[in-house]
Amino acid sequence: MAHRVEFRPLFADADPMNVVYYGRYLRFFELGRTELLRAGGHSYAELEAAGFHLPATEVYARYRRPAHYDELLVVETGVGWVKRASLRFDYRILRGVSGGGEELLVEGYTVHGCVDRSGKVVPLPEWVVNIAKSHVQSGSDTGGGR
């Protein structure tokens with residue numbers, strides 16, 4: 001099951017034509033994954049306080065339609081897979097359309113490894129695995145082929 005968060009791009013997220021700059025979608029992806037963890041009862045801050053970090057090792061985004069400053073958008077976040085010391089978050093950025101429904105603007109994923117404070121690869125904490133497994137998407141593939 002995917003987790004959904006509504007948000008509006010800030011003025012700083014847009015170019016002079018009020019179109020969201022392509023690099024800002026990585027920040028929207030981060031919003032999605034941090035709120036997915038929070039909805040599971042834990043936070044990224046808690047993860048870091050326990051001595052764990054989840055650096056990104058791979059990023060993919062496919063841009064289908066532009067988003068604009070101050071539009072109401074949704075980041076939908078699921079999990080593609082969970083391994084011993086890594087996991088993949090899958091994302092869809094959506095915009096509501098008149099008459100109901102939603103329009104897909106961007107889809108993508110990020111892969112994260114789990115490391116300790118010294119940078120050594122370590123197993124994911126059990127609570128992260130549990131939250132992630134509760135959001136695994138069946139047949140998950142956002143087009144990156146990995």
# chains A, B, ... in the order shown; residues from 1 in each chain; ligands from 1

$ closest_atom_pairs --of "region 6-87 of chain A" --to "region 116-133 of chain A" --cutoff "7 Å" --atoms "only C-alpha atoms" --output "JSON lines"
{"residue": "A:Leu37", "atom": "CA", "partner": "A:Ile131", "partner_atom": "CA", "distance": 6.8}
{"residue": "A:Gly40", "atom": "CA", "partner": "A:Ile131", "partner_atom": "CA", "distance": 5.7}
{"residue": "A:Gly51", "atom": "CA", "partner": "A:Arg117", "partner_atom": "CA", "distance": 5.6}
{"residue": "A:Phe52", "atom": "CA", "partner": "A:Asp116", "partner_atom": "CA", "distance": 4.7}
{"residue": "A:His53", "atom": "CA", "partner": "A:Asp116", "partner_atom": "CA", "distance": 6.2}
{"residue": "A:Val79", "atom": "CA", "partner": "A:Ala132", "partner_atom": "CA", "distance": 6.1}
{"residue": "A:Val82", "atom": "CA", "partner": "A:Ala132", "partner_atom": "CA", "distance": 6.9}
{"residue": "A:Arg84", "atom": "CA", "partner": "A:Pro123", "partner_atom": "CA", "distance": 5.3}
{"residue": "A:Ala85", "atom": "CA", "partner": "A:Pro123", "partner_atom": "CA", "distance": 4.3}
{"residue": "A:Ser86", "atom": "CA", "partner": "A:Leu124", "partner_atom": "CA", "distance": 7.0}

$ select_by_dssp --residues "chain A" --states "alpha helix (DSSP H)" --output "PyMOL selection string"
chain A and resi 24-39+44-49+126-133

$ write_last_selection --atoms "N, CA and C atoms" --output "PDB file, in the first residue's frame"
ATOM      1  N   ARG A  24      14.201  19.579  -8.061  1.00  0.00           N
ATOM      2  CA  ARG A  24      13.392  19.676  -6.841  1.00  0.00           C
ATOM      3  C   ARG A  24      12.584  18.415  -6.568  1.00  0.00           C
ATOM      4  N   TYR A  25      12.357  17.601  -7.596  1.00  0.00           N
ATOM      5  CA  TYR A  25      11.573  16.390  -7.382  1.00  0.00           C
ATOM      6  C   TYR A  25      12.273  15.428  -6.423  1.00  0.00           C
ATOM      7  N   LEU A  26      13.596  15.494  -6.346  1.00  0.00           N
ATOM      8  CA  LEU A  26      14.302  14.645  -5.377  1.00  0.00           C
ATOM      9  C   LEU A  26      13.939  15.051  -3.951  1.00  0.00           C
ATOM     10  N   ARG A  27      13.740  16.333  -3.725  1.00  0.00           N
ATOM     11  CA  ARG A  27      13.278  16.802  -2.410  1.00  0.00           C
ATOM     12  C   ARG A  27      11.857  16.323  -2.141  1.00  0.00           C
ATOM     13  N   PHE A  28      11.015  16.300  -3.161  1.00  0.00           N
ATOM     14  CA  PHE A  28       9.655  15.791  -3.000  1.00  0.00           C
ATOM     15  C   PHE A  28       9.681  14.298  -2.701  1.00  0.00           C
ATOM     16  N   PHE A  29      10.605  13.559  -3.343  1.00  0.00           N
ATOM     17  CA  PHE A  29      10.774  12.141  -3.041  1.00  0.00           C
ATOM     18  C   PHE A  29      11.167  11.972  -1.575  1.00  0.00           C
ATOM     19  N   GLU A  30      12.088  12.830  -1.102  1.00  0.00           N
ATOM     20  CA  GLU A  30      12.509  12.754   0.299  1.00  0.00           C
ATOM     21  C   GLU A  30      11.329  12.999   1.238  1.00  0.00           C
ATOM     22  N   LEU A  31      10.495  13.964   0.912  1.00  0.00           N
ATOM     23  CA  LEU A  31       9.290  14.224   1.703  1.00  0.00           C
ATOM     24  C   LEU A  31       8.444  12.953   1.785  1.00  0.00           C
ATOM     25  N   GLY A  32       8.271  12.288   0.667  1.00  0.00           N
ATOM     26  CA  GLY A  32       7.464  11.072   0.643  1.00  0.00           C
ATOM     27  C   GLY A  32       8.025   9.975   1.529  1.00  0.00           C
ATOM     28  N   ARG A  33       9.331   9.727   1.436  1.00  0.00           N
ATOM     29  CA  ARG A  33       9.885   8.616   2.232  1.00  0.00           C
ATOM     30  C   ARG A  33       9.967   8.953   3.717  1.00  0.00           C
ATOM     31  N   THR A  34      10.237  10.211   4.064  1.00  0.00           N
ATOM     32  CA  THR A  34      10.288  10.548   5.488  1.00  0.00           C
ATOM     33  C   THR A  34       8.900  10.463   6.114  1.00  0.00           C
ATOM     34  N   GLU A  35       7.886  10.871   5.369  1.00  0.00           N
ATOM     35  CA  GLU A  35       6.523  10.797   5.902  1.00  0.00           C
ATOM     36  C   GLU A  35       6.004   9.361   5.919  1.00  0.00           C
ATOM     37  N   LEU A  36       6.485   8.510   5.019  1.00  0.00           N
ATOM     38  CA  LEU A  36       6.129   7.087   5.067  1.00  0.00           C
ATOM     39  C   LEU A  36       6.650   6.484   6.369  1.00  0.00           C
ATOM     40  N   LEU A  37       7.899   6.773   6.719  1.00  0.00           N
ATOM     41  CA  LEU A  37       8.455   6.270   7.988  1.00  0.00           C
ATOM     42  C   LEU A  37       7.685   6.836   9.185  1.00  0.00           C
ATOM     43  N   ARG A  38       7.388   8.135   9.132  1.00  0.00           N
ATOM     44  CA  ARG A  38       6.662   8.775  10.240  1.00  0.00           C
ATOM     45  C   ARG A  38       5.280   8.144  10.424  1.00  0.00           C
ATOM     46  N   ALA A  39       4.603   7.841   9.310  1.00  0.00           N
ATOM     47  CA  ALA A  39       3.287   7.198   9.390  1.00  0.00           C
ATOM     48  C   ALA A  39       3.396   5.809  10.004  1.00  0.00           C
ATOM     49  N   TYR A  44      12.992   9.695  10.484  1.00  0.00           N
ATOM     50  CA  TYR A  44      14.385   9.682  10.030  1.00  0.00           C
ATOM     51  C   TYR A  44      15.304  10.168  11.146  1.00  0.00           C
ATOM     52  N   ALA A  45      14.861  11.155  11.900  1.00  0.00           N
ATOM     53  CA  ALA A  45      15.674  11.666  13.006  1.00  0.00           C
ATOM     54  C   ALA A  45      15.949  10.564  14.026  1.00  0.00           C
ATOM     55  N   GLU A  46      14.970   9.737  14.290  1.00  0.00           N
ATOM     56  CA  GLU A  46      15.133   8.608  15.209  1.00  0.00           C
ATOM     57  C   GLU A  46      16.148   7.607  14.652  1.00  0.00           C
ATOM     58  N   LEU A  47      16.082   7.366  13.359  1.00  0.00           N
ATOM     59  CA  LEU A  47      17.027   6.467  12.696  1.00  0.00           C
ATOM     60  C   LEU A  47      18.460   6.986  12.861  1.00  0.00           C
ATOM     61  N   GLU A  48      18.654   8.267  12.614  1.00  0.00           N
ATOM     62  CA  GLU A  48      19.983   8.861  12.730  1.00  0.00           C
ATOM     63  C   GLU A  48      20.452   8.899  14.175  1.00  0.00           C
ATOM     64  N   ALA A  49      19.558   9.168  15.104  1.00  0.00           N
ATOM     65  CA  ALA A  49      19.936   9.187  16.522  1.00  0.00           C
ATOM     66  C   ALA A  49      20.409   7.810  16.989  1.00  0.00           C
ATOM     67  N   GLU A 126      15.274  -3.444  12.403  1.00  0.00           N
ATOM     68  CA  GLU A 126      14.061  -4.250  12.250  1.00  0.00           C
ATOM     69  C   GLU A 126      12.825  -3.384  12.016  1.00  0.00           C
ATOM     70  N   TRP A 127      12.718  -2.265  12.734  1.00  0.00           N
ATOM     71  CA  TRP A 127      11.532  -1.429  12.567  1.00  0.00           C
ATOM     72  C   TRP A 127      11.465  -0.820  11.171  1.00  0.00           C
ATOM     73  N   VAL A 128      12.605  -0.513  10.557  1.00  0.00           N
ATOM     74  CA  VAL A 128      12.603  -0.002   9.182  1.00  0.00           C
ATOM     75  C   VAL A 128      12.119  -1.097   8.234  1.00  0.00           C
ATOM     76  N   VAL A 129      12.632  -2.312   8.424  1.00  0.00           N
ATOM     77  CA  VAL A 129      12.218  -3.448   7.595  1.00  0.00           C
ATOM     78  C   VAL A 129      10.707  -3.660   7.716  1.00  0.00           C
ATOM     79  N   ASN A 130      10.179  -3.609   8.930  1.00  0.00           N
ATOM     80  CA  ASN A 130       8.741  -3.828   9.140  1.00  0.00           C
ATOM     81  C   ASN A 130       7.897  -2.764   8.444  1.00  0.00           C
ATOM     82  N   ILE A 131       8.288  -1.501   8.586  1.00  0.00           N
ATOM     83  CA  ILE A 131       7.539  -0.424   7.925  1.00  0.00           C
ATOM     84  C   ILE A 131       7.636  -0.584   6.412  1.00  0.00           C
ATOM     85  N   ALA A 132       8.847  -0.836   5.928  1.00  0.00           N
ATOM     86  CA  ALA A 132       9.041  -0.967   4.483  1.00  0.00           C
ATOM     87  C   ALA A 132       8.224  -2.120   3.921  1.00  0.00           C
ATOM     88  N   LYS A 133       8.275  -3.267   4.590  1.00  0.00           N
ATOM     89  CA  LYS A 133       7.532  -4.430   4.081  1.00  0.00           C
ATOM     90  C   LYS A 133       6.026  -4.187   4.049  1.00  0.00           C
TER      91      LYS A 133
END

$ atom_distance --atom1 "CA of Glu76 (chain A)" --atom2 "CA of Gly96 (chain A)"
12.8 Å

$ select_by_dssp --residues "region 34-90 of chain A" --states "strand (DSSP E or B)" --output "PyMOL selection string"
chain A and resi 52-53+56-63+68+73-82+86-90

$ write_last_selection --atoms "N, CA and C atoms" --output "mmCIF file, in the first residue's frame"
data_model
loop_
_atom_site.group_PDB
_atom_site.id
_atom_site.type_symbol
_atom_site.label_atom_id
_atom_site.label_comp_id
_atom_site.auth_asym_id
_atom_site.auth_seq_id
_atom_site.Cartn_x
_atom_site.Cartn_y
_atom_site.Cartn_z
ATOM 1 N N PHE A 52 22.211 5.149 12.523
ATOM 2 C CA PHE A 52 22.051 4.617 11.173
ATOM 3 C C PHE A 52 21.824 5.757 10.176
ATOM 4 N N HIS A 53 22.255 5.524 8.949
ATOM 5 C CA HIS A 53 22.005 6.468 7.859
ATOM 6 C C HIS A 53 21.593 5.665 6.630
ATOM 7 N N ALA A 56 21.586 7.585 -0.387
ATOM 8 C CA ALA A 56 21.079 7.173 -1.699
ATOM 9 C C ALA A 56 22.234 6.613 -2.523
ATOM 10 N N THR A 57 21.985 5.476 -3.176
ATOM 11 C CA THR A 57 22.991 4.871 -4.043
ATOM 12 C C THR A 57 22.549 4.882 -5.505
ATOM 13 N N GLU A 58 21.272 5.158 -5.726
ATOM 14 C CA GLU A 58 20.745 5.211 -7.086
ATOM 15 C C GLU A 58 19.478 6.057 -7.078
ATOM 16 N N VAL A 59 19.303 6.846 -8.130
ATOM 17 C CA VAL A 59 18.119 7.699 -8.270
ATOM 18 C C VAL A 59 17.635 7.614 -9.712
ATOM 19 N N TYR A 60 16.330 7.520 -9.887
ATOM 20 C CA TYR A 60 15.727 7.509 -11.213
ATOM 21 C C TYR A 60 14.476 8.369 -11.162
ATOM 22 N N ALA A 61 14.260 9.178 -12.205
ATOM 23 C CA ALA A 61 13.029 9.962 -12.319
ATOM 24 C C ALA A 61 12.645 10.061 -13.787
ATOM 25 N N ARG A 62 11.360 9.878 -14.047
ATOM 26 C CA ARG A 62 10.822 10.068 -15.396
ATOM 27 C C ARG A 62 9.798 11.182 -15.314
ATOM 28 N N TYR A 63 10.074 12.244 -16.060
ATOM 29 C CA TYR A 63 9.218 13.425 -16.051
ATOM 30 C C TYR A 63 8.203 13.323 -17.181
ATOM 31 N N HIS A 68 3.695 23.105 -11.256
ATOM 32 C CA HIS A 68 3.866 24.553 -11.156
ATOM 33 C C HIS A 68 3.822 25.008 -9.699
ATOM 34 N N LEU A 73 -0.282 19.147 -4.990
ATOM 35 C CA LEU A 73 0.245 17.900 -5.529
ATOM 36 C C LEU A 73 0.212 16.823 -4.457
ATOM 37 N N VAL A 74 0.421 15.596 -4.883
ATOM 38 C CA VAL A 74 0.518 14.460 -3.976
ATOM 39 C C VAL A 74 1.785 13.698 -4.329
ATOM 40 N N VAL A 75 2.563 13.350 -3.305
ATOM 41 C CA VAL A 75 3.636 12.382 -3.518
ATOM 42 C C VAL A 75 3.135 11.067 -2.927
ATOM 43 N N GLU A 76 3.112 10.055 -3.765
ATOM 44 C CA GLU A 76 2.678 8.721 -3.376
ATOM 45 C C GLU A 76 3.951 7.874 -3.279
ATOM 46 N N THR A 77 4.183 7.279 -2.125
ATOM 47 C CA THR A 77 5.429 6.547 -1.878
ATOM 48 C C THR A 77 5.133 5.116 -1.469
ATOM 49 N N GLY A 78 5.797 4.199 -2.137
ATOM 50 C CA GLY A 78 5.727 2.783 -1.792
ATOM 51 C C GLY A 78 7.134 2.234 -1.709
ATOM 52 N N VAL A 79 7.246 0.946 -1.534
ATOM 53 C CA VAL A 79 8.555 0.300 -1.452
ATOM 54 C C VAL A 79 8.622 -0.759 -2.548
ATOM 55 N N GLY A 80 9.686 -0.697 -3.345
ATOM 56 C CA GLY A 80 9.870 -1.662 -4.425
ATOM 57 C C GLY A 80 10.397 -2.991 -3.919
ATOM 58 N N TRP A 81 11.374 -2.926 -3.015
ATOM 59 C CA TRP A 81 11.941 -4.129 -2.409
ATOM 60 C C TRP A 81 12.719 -3.763 -1.160
ATOM 61 N N VAL A 82 12.912 -4.781 -0.335
ATOM 62 C CA VAL A 82 13.688 -4.647 0.902
ATOM 63 C C VAL A 82 14.677 -5.809 0.940
ATOM 64 N N SER A 86 19.608 -2.831 2.333
ATOM 65 C CA SER A 86 19.201 -1.815 1.361
ATOM 66 C C SER A 86 17.714 -1.948 1.057
ATOM 67 N N LEU A 87 17.173 -0.885 0.476
ATOM 68 C CA LEU A 87 15.775 -0.889 0.071
ATOM 69 C C LEU A 87 15.553 0.137 -1.017
ATOM 70 N N ARG A 88 14.462 -0.039 -1.743
ATOM 71 C CA ARG A 88 14.105 0.891 -2.812
ATOM 72 C C ARG A 88 12.740 1.483 -2.524
ATOM 73 N N PHE A 89 12.683 2.827 -2.550
ATOM 74 C CA PHE A 89 11.420 3.548 -2.431
ATOM 75 C C PHE A 89 10.960 3.925 -3.841
ATOM 76 N N ASP A 90 9.682 3.726 -4.126
ATOM 77 C CA ASP A 90 9.083 4.089 -5.410
ATOM 78 C C ASP A 90 8.156 5.283 -5.198
#

$ atom_distance --atom1 "CA of Ala50 (chain A)" --atom2 "CA of His3 (chain A)"
24.1 Å

$ closest_residue --among "A:Asp13, A:Asp70, A:Arg65, A:Ser138" --to "Leu105 (chain A)" --atoms "only C-alpha atoms"
A:Arg65

$ atom_distance --atom1 "CA of Tyr91 (chain A)" --atom2 "CA of Val136 (chain A)"
11.9 Å

$ residues_around --residues "Glu103 (chain A)" --least-positions-apart "2" --cutoff "12 Å" --atoms "only C-alpha atoms" --output "PyMOL selection string"
chain A and resi 64-67+72-75+92-101+105-107

$ write_last_selection --atoms "N, CA and C atoms" --output "tab-separated table (two decimals), in the first residue's frame"
chain	number	residue	atom	x	y	z
A	64	ARG	N	6.92	13.36	-16.82
A	64	ARG	CA	5.86	13.21	-17.83
A	64	ARG	C	5.14	14.53	-18.11
A	65	ARG	N	4.89	15.32	-17.06
A	65	ARG	CA	4.19	16.60	-17.20
A	65	ARG	C	4.79	17.56	-16.18
A	66	PRO	N	4.80	18.85	-16.46
A	66	PRO	CA	5.35	19.80	-15.49
A	66	PRO	C	4.39	20.09	-14.33
A	67	ALA	N	4.98	20.35	-13.19
A	67	ALA	CA	4.23	20.88	-12.04
A	67	ALA	C	4.55	22.37	-11.95
A	72	LEU	N	-1.56	22.17	-5.83
A	72	LEU	CA	-1.72	21.09	-4.85
A	72	LEU	C	-1.32	19.78	-5.52
A	73	LEU	N	-0.28	19.15	-4.99
A	73	LEU	CA	0.25	17.90	-5.53
A	73	LEU	C	0.21	16.82	-4.46
A	74	VAL	N	0.42	15.60	-4.88
A	74	VAL	CA	0.52	14.46	-3.98
A	74	VAL	C	1.78	13.70	-4.33
A	75	VAL	N	2.56	13.35	-3.30
A	75	VAL	CA	3.64	12.38	-3.52
A	75	VAL	C	3.13	11.07	-2.93
A	92	ARG	N	5.45	8.41	-7.01
A	92	ARG	CA	4.65	9.00	-8.07
A	92	ARG	C	4.22	10.38	-7.58
A	93	ILE	N	4.47	11.40	-8.39
A	93	ILE	CA	3.99	12.75	-8.09
A	93	ILE	C	2.75	12.96	-8.96
A	94	LEU	N	1.64	13.32	-8.30
A	94	LEU	CA	0.34	13.42	-8.97
A	94	LEU	C	-0.27	14.79	-8.77
A	95	ARG	N	-1.13	15.16	-9.71
A	95	ARG	CA	-1.91	16.41	-9.61
A	95	ARG	C	-3.36	16.04	-9.87
A	96	GLY	N	-4.25	16.59	-9.07
A	96	GLY	CA	-5.67	16.38	-9.30
A	96	GLY	C	-6.11	17.04	-10.60
A	97	VAL	N	-7.11	16.46	-11.23
A	97	VAL	CA	-7.64	17.04	-12.47
A	97	VAL	C	-9.13	17.34	-12.28
A	98	SER	N	-9.61	18.31	-13.04
A	98	SER	CA	-11.03	18.66	-12.91
A	98	SER	C	-11.89	17.47	-13.26
A	99	GLY	N	-12.96	17.29	-12.53
A	99	GLY	CA	-13.84	16.16	-12.73
A	99	GLY	C	-13.40	14.93	-11.95
A	100	GLY	N	-12.37	15.08	-11.13
A	100	GLY	CA	-11.88	13.96	-10.32
A	100	GLY	C	-10.72	13.26	-11.00
A	101	GLY	N	-10.12	12.36	-10.29
A	101	GLY	CA	-8.97	11.64	-10.80
A	101	GLY	C	-7.67	12.40	-10.59
A	105	LEU	N	2.56	13.14	-12.97
A	105	LEU	CA	3.54	14.13	-13.42
A	105	LEU	C	4.94	13.52	-13.50
A	106	VAL	N	5.32	12.83	-12.44
A	106	VAL	CA	6.67	12.26	-12.35
A	106	VAL	C	6.57	10.92	-11.65
A	107	GLU	N	7.37	9.97	-12.09
A	107	GLU	CA	7.50	8.70	-11.37
A	107	GLU	C	8.98	8.40	-11.26
